[in-house]
Amino acid sequence: MSDIVLSIDNVDKIYQRRGKSPVHAVKSLDMAVEKGEIVALLGSSGCGKTSTLRMIAGFEDVSNGAIHLAGRRIEHLPPAKRNVAMAFEGYSLYPPLTVRDNIAFALKSSNLHSAEVVRAVADVAALVEIDAILDRYPSSISGGQQQRASLARALVRRADLYLLDEPMGQLEPQLRAVLRGRLKSLLADRRMTSIFVTHDQTEANALADRIAVMEGGVLQQFANQKELKERPANLFVATFIGEPPMNVFDADVASADHVCFTIANGPKLDFAASEIPEAVRNAIGGRKQVVVGVRPHSVKIGGGRHEARVVSNQWLGDQSHLAMDVAGKLMVAVSHAPVPAKAGETLRYQINLSSLHLFDVASGAALSHGLEAA
Amino acid sequence: MEHTSRLERIIRIVLVALILIFFLFPIFWIFLMSFQTNEDILRIPPSPFFTPTISNYQALITGKLVSAAGTLDIPFMRNLWNSVLLSSVSVVIALILGVPAAYAFARFKFRLGEDIAFTLLSFRFAPPLLVLLPLSLYFQEIGLTDTYAGLIWVYQLIALPLILWIVRGYFEDISPDIEYAYRIGGHSWWRTFTRIAVPLAGPGIAAAGLLAFIFCWNNFVFALILASADKQPVTVGSLAFVTASGIQYGQIAAAIVLSVTPTLAIALYAQRYLVEGLSLGAVKG
């Protein structure tokens with residue numbers, strides 16, 4: 001039952017700069033968001049995520065392409081006519097008004113009765129815990145409180161789409177965790193379709209149904225958390241998603257009756273051809289070189305065919321992070337039991353075929369994940 | 001520590017007093033002169049003790065200047081009214097034109113935008129005398145010489161660039177997201193401009209308007225060349241006090257007091273408003 005609310009079709013954003021070459025901030029973006037879905041736009045600064053949000057809101061022109069929202073083509077409409085709500089990263093509360101009036105003025109144009117406005121403001125204020133400061137002015141409250149007021153101002157509206165730009169960046173960790181839970185259930189209960197921008201993976205994982213990973217203006221992958229982790233579309237997503245990041249190595253491939261990935265000055269990952277499904281062998285094709293990747297959680301410590309020197313070993317209270325010297329690079333392994341190894345010692349480890357990700361050297365596109373072709 | 005801070009305080013008081021005397025004494029002296037006869041003023045050595053007279057003000061208000069050579073008509077009150085009319089209408093027009101223009105320059109990047117803004121600013125670089133000659137020829141040609149409309153138009157050269165550039169800075173300081181937040185709530189561009197942007201830039205608009213008013217009020221040379229006696233402001237009208245039988249210092253002093261009063265009053269009023277507006281401030285939170 002797919003019920004598309006927002007569809008972004010082949011959208012480009014090109015910033016023309018005086019006397020300088022234009023910046024292509026968003027490139028051929030295609031995205032479809034379903035009714036009630038919570039989507040995270042995840043990426044580092046300058047990856048085009050905020051430009052995307054602003055094009056949907058109508059604060060930036062679309063250089064190319066079309067945006068449809070709730071069955072209407074909106075990319076040429078002024079922001080007022082798009083029926084979207086937005087919480088701004090810079091809070092953007094109107095200084096001469098109290099927090100209460102700031103939230104209420106978002107409802108002024110919606111022809112609600114004043115009693116309903118009062119109730120809606122009270123409800124949303126309770127949700128983000130700003131009841132006590134409703135009569136204060138924005139300049140007299142903290143950054144975190146301003147951020148929550150700004151969030152409340154967006155959530156109080158009845159809109160087709162909610163855009164949240166770094167909605168919790170300024171909050172203390174504890175409050176952030178509480179608010180995430182409440183926000184998630186509010187959005188889910190009311191089936192509020194929303195897109196939020198963040199650079200924080202934890203936040204994206206906690207809130208979003210699907211995550212759109214952007215880099216260099218290009219949508220790298222748009223999938224749920226599990227898929228991003230288990231089947232990253234390319235090398236960027238593979239190393240960007242996950243904490244600690246995936247270990248990747250350049251490897252030479254020799255395939256005959258054995259398929260052998262040789263990491264220069266490092267381990268030889270050697271598998272019998274019969275172990276490797278045909279789909280994966282086809283994906284490797286005639287390549288002489290690939291990039292192999294393995295998640296830190298999939299490096300099996302203690303026993304196995306390979307040896308490496310331990311560079312550091314940290315027990316984080318619930319897991320060990322081991323950094324090992326493999327082929328002149330650091331390979332990080334995570335173990336959920338304490339590992340008694342000290343720095344300088346050598347340790348045996350094992351990498352299984354089922355946890356190996358293969359990528360094309362030139363394009364970085366994924367070839368296979370474990371026993372399946374990408 | 002206490003000793004130094006005390007010394008600092010004393011030095012500060014002395015310096016402030018010196019500055020105040022330097023700037024305020026001439027005004028105080030003019031004020032005294034305005035109540036003296038020409039004989040009292042020209043007495044050597046000058047004396048602070050004299051019999052005050054209001055004859056100077058009388059002469060200005062009735063428009064009859066009585067001097068040794070006879071009675072002279074001076075249209076001082078008319079000049080004063082001209083100043084008020086020319087300056088305030090000029091500033092109002094410059095605000096109506098300049099504030100939206102400043103907003104456009106601050107918010108929108110458009111082709112030649114910077115060039116246009118700079119051209120408008122460059123009107124202030126050109127010496128007025130440079131443009132006056134061609135201007136007076138044009139004005140004679142199209143019949144604008146000696147009209148209020150013509151003067152107000154020329155006064156835009158003074159007021160418009162000033163307002164444009166000061167107000168533009170204020171608009172640029174306001175985070176555009178505040179306006180976006182209002183617009184996305186279903187309000188039109190125009191409502192956002194009038195309800196959010198203009199009030200937030202209020203102190204800047206007031207300051208620019210005040211400054212433009214003072215510059216217009218003090219202008220001399222445009223009105224001297226482009227208007228005749230009945231359209232001229234006080235700055236030009238004061239020339240009438242240089243008469244055949246000598247310079248009427250008493251009347252000049254009274255005229256200065258009268259002509260400074262409106263600008264001073266506006267400045268004092270707006271100053272209070274400015275401080276109020278700026279202390280609200282904190283657009284950036």
# chains A, B, ... in the order shown; residues from 1 in each chain; ligands from 1
>>> interface_residues(of="chain B", to="chain A", cutoff="6 Å", atoms="only C-alpha atoms", output="ChimeraX atom specification")
/B:177-178,183-187,285
>>> select_by_dssp(residues="segment 173-216 of chain B", states="alpha helix (DSSP H)", output="number ranges by chain")
B: 173, 176-184, 189-192, 198-200, 202-216
>>> residues_around(residues="segment 331-344 of chain A", least_positions_apart="5", cutoff="8 Å", atoms="only C-alpha atoms", output="NGL selection string")
:A and (244 or 247 or 295-301 or 309-313 or 315 or 318-326)
>>> atom_distance(atom1="atom CA of Glu39 of chain B", atom2="atom CA of Gln248 of chain B")
10.1 Å
>>> closest_residue(among="B:Ile152, B:Val167, B:Leu112, B:Leu224", to="Val198 of chain B", atoms="only C-alpha atoms")
B:Val167
>>> closest_residue(among="A:Ala206, A:Leu187, A:Val11, A:Leu171", to="Gln147 of chain A", atoms="only C-alpha atoms")
A:Leu171
>>> residues_around(residues="His76 of chain A", least_positions_apart="6", cutoff="9 Å", atoms="only C-alpha atoms", output="PyMOL selection string")
chain A and resi 58+61-62+66-67
>>> residues_around(residues="Cys216 of chain B", least_positions_apart="2", cutoff="9 Å", atoms="only C-alpha atoms", output="list in words")
Ser83, Leu86, Ser87, Ser88, Ser90, Val91, Tyr155, Gln156, Ile158, Ala159, Leu211, Ala212, Phe213, Ile214, Asn218, Asn219 and Phe220 of chain B
>>> write_last_selection(atoms="all heavy atoms", output="tab-separated table (two decimals), in the first residue's frame")
chain	number	residue	atom	x	y	z
B	83	SER	N	11.29	74.76	4.95
B	83	SER	CA	12.23	73.75	5.42
B	83	SER	C	11.49	72.52	5.92
B	83	SER	O	11.83	71.39	5.58
B	83	SER	CB	13.10	74.30	6.55
B	83	SER	OG	14.19	74.98	6.02
B	86	LEU	N	9.76	70.79	2.86
B	86	LEU	CA	10.70	70.13	1.94
B	86	LEU	C	11.35	68.91	2.59
B	86	LEU	O	11.39	67.83	2.01
B	86	LEU	CB	11.79	71.11	1.51
B	86	LEU	CG	11.36	72.23	0.55
B	86	LEU	CD1	12.49	73.25	0.39
B	86	LEU	CD2	10.99	71.64	-0.80
B	87	SER	N	11.82	69.10	3.83
B	87	SER	CA	12.55	68.00	4.47
B	87	SER	C	11.63	66.83	4.77
B	87	SER	O	11.96	65.68	4.50
B	87	SER	CB	13.20	68.48	5.77
B	87	SER	OG	14.02	69.58	5.51
B	88	SER	N	10.45	67.11	5.34
B	88	SER	CA	9.63	65.98	5.74
B	88	SER	C	9.05	65.25	4.54
B	88	SER	O	9.06	64.03	4.50
B	88	SER	CB	8.54	66.40	6.73
B	88	SER	OG	7.95	67.59	6.31
B	90	SER	N	10.36	65.11	1.60
B	90	SER	CA	11.47	64.39	0.96
B	90	SER	C	11.77	63.09	1.69
B	90	SER	O	11.98	62.04	1.07
B	90	SER	CB	12.74	65.24	0.97
B	90	SER	OG	12.54	66.39	0.21
B	91	VAL	N	11.80	63.15	3.03
B	91	VAL	CA	12.13	61.96	3.80
B	91	VAL	C	11.02	60.91	3.66
B	91	VAL	O	11.31	59.72	3.50
B	91	VAL	CB	12.40	62.31	5.27
B	91	VAL	CG1	12.47	61.05	6.11
B	91	VAL	CG2	13.68	63.10	5.38
B	155	TYR	N	16.17	66.64	-3.60
B	155	TYR	CA	16.50	66.20	-2.24
B	155	TYR	C	16.61	64.68	-2.14
B	155	TYR	O	17.22	64.16	-1.21
B	155	TYR	CB	15.45	66.72	-1.24
B	155	TYR	CG	15.74	68.12	-0.73
B	155	TYR	CD1	16.51	69.01	-1.48
B	155	TYR	CD2	15.24	68.56	0.49
B	155	TYR	CE1	16.76	70.29	-1.03
B	155	TYR	CE2	15.49	69.84	0.95
B	155	TYR	CZ	16.25	70.70	0.18
B	155	TYR	OH	16.51	71.96	0.63
B	156	GLN	N	15.98	63.98	-3.09
B	156	GLN	CA	16.13	62.51	-3.08
B	156	GLN	C	17.58	62.10	-3.27
B	156	GLN	O	18.00	61.04	-2.83
B	156	GLN	CB	15.25	61.86	-4.16
B	156	GLN	CG	13.76	62.08	-3.97
B	156	GLN	CD	13.29	61.70	-2.60
B	156	GLN	OE1	13.61	60.63	-2.09
B	156	GLN	NE2	12.55	62.60	-1.95
B	158	ILE	N	19.93	63.34	-1.78
B	158	ILE	CA	20.52	63.34	-0.45
B	158	ILE	C	19.93	62.19	0.38
B	158	ILE	O	20.66	61.41	0.99
B	158	ILE	CB	20.21	64.67	0.28
B	158	ILE	CG1	20.66	65.84	-0.57
B	158	ILE	CG2	20.84	64.68	1.65
B	158	ILE	CD1	20.12	67.17	-0.09
B	159	ALA	N	18.60	62.09	0.38
B	159	ALA	CA	17.92	61.22	1.34
B	159	ALA	C	17.93	59.75	0.90
B	159	ALA	O	18.18	58.85	1.72
B	159	ALA	CB	16.48	61.69	1.53
B	211	LEU	N	18.43	60.87	10.10
B	211	LEU	CA	19.65	61.37	9.49
B	211	LEU	C	19.35	62.06	8.17
B	211	LEU	O	19.86	63.15	7.88
B	211	LEU	CB	20.61	60.19	9.27
B	211	LEU	CG	22.07	60.44	9.52
B	211	LEU	CD1	22.29	60.91	10.95
B	211	LEU	CD2	22.87	59.18	9.25
B	212	ALA	N	18.49	61.42	7.39
B	212	ALA	CA	18.13	61.99	6.10
B	212	ALA	C	17.42	63.33	6.30
B	212	ALA	O	17.66	64.29	5.56
B	212	ALA	CB	17.23	61.02	5.33
B	213	PHE	N	16.58	63.40	7.33
B	213	PHE	CA	15.87	64.65	7.61
B	213	PHE	C	16.86	65.77	7.91
B	213	PHE	O	16.76	66.88	7.40
B	213	PHE	CB	14.91	64.44	8.79
B	213	PHE	CG	14.05	65.63	9.09
B	213	PHE	CD1	12.83	65.80	8.44
B	213	PHE	CD2	14.45	66.59	10.01
B	213	PHE	CE1	12.03	66.91	8.71
B	213	PHE	CE2	13.67	67.70	10.27
B	213	PHE	CZ	12.45	67.85	9.62
B	214	ILE	N	17.84	65.44	8.76
B	214	ILE	CA	18.83	66.46	9.14
B	214	ILE	C	19.64	66.91	7.93
B	214	ILE	O	19.89	68.10	7.72
B	214	ILE	CB	19.74	65.91	10.26
B	214	ILE	CG1	18.92	65.75	11.55
B	214	ILE	CG2	20.92	66.84	10.50
B	214	ILE	CD1	19.64	65.03	12.66
B	218	ASN	N	19.63	70.69	6.45
B	218	ASN	CA	20.84	71.49	6.40
B	218	ASN	C	21.27	71.85	4.99
B	218	ASN	O	22.23	72.57	4.81
B	218	ASN	CB	22.00	70.73	7.07
B	218	ASN	CG	21.83	70.68	8.56
B	218	ASN	OD1	21.00	71.40	9.11
B	218	ASN	ND2	22.59	69.83	9.22
B	219	ASN	N	20.57	71.31	3.98
B	219	ASN	CA	21.03	71.57	2.62
B	219	ASN	C	20.88	73.04	2.27
B	219	ASN	O	19.92	73.70	2.65
B	219	ASN	CB	20.24	70.72	1.63
B	219	ASN	CG	20.75	70.95	0.24
B	219	ASN	OD1	20.20	71.76	-0.49
B	219	ASN	ND2	21.82	70.28	-0.10
B	220	PHE	N	21.85	73.53	1.55
B	220	PHE	CA	21.87	74.95	1.23
B	220	PHE	C	21.89	75.19	-0.28
B	220	PHE	O	21.07	75.90	-0.83
B	220	PHE	CB	23.10	75.57	1.89
B	220	PHE	CG	23.36	77.00	1.53
B	220	PHE	CD1	22.60	78.02	2.10
B	220	PHE	CD2	24.36	77.33	0.62
B	220	PHE	CE1	22.83	79.34	1.77
B	220	PHE	CE2	24.59	78.66	0.29
B	220	PHE	CZ	23.84	79.67	0.86
>>> atom_distance(atom1="atom CA of Leu239 of chain B", atom2="atom CA of Ile30 of chain B")
17.1 Å
>>> closest_residue(among="B:Asp230, B:Ser5, B:Phe222, B:Ala244", to="Leu133 of chain B", atoms="only C-alpha atoms")
B:Phe222
>>> residues_around(residues="segment 39-42 of chain A", least_positions_apart="4", cutoff="7 Å", atoms="only C-alpha atoms", output="ChimeraX atom specification")
/A:49,194-199,204,208-214
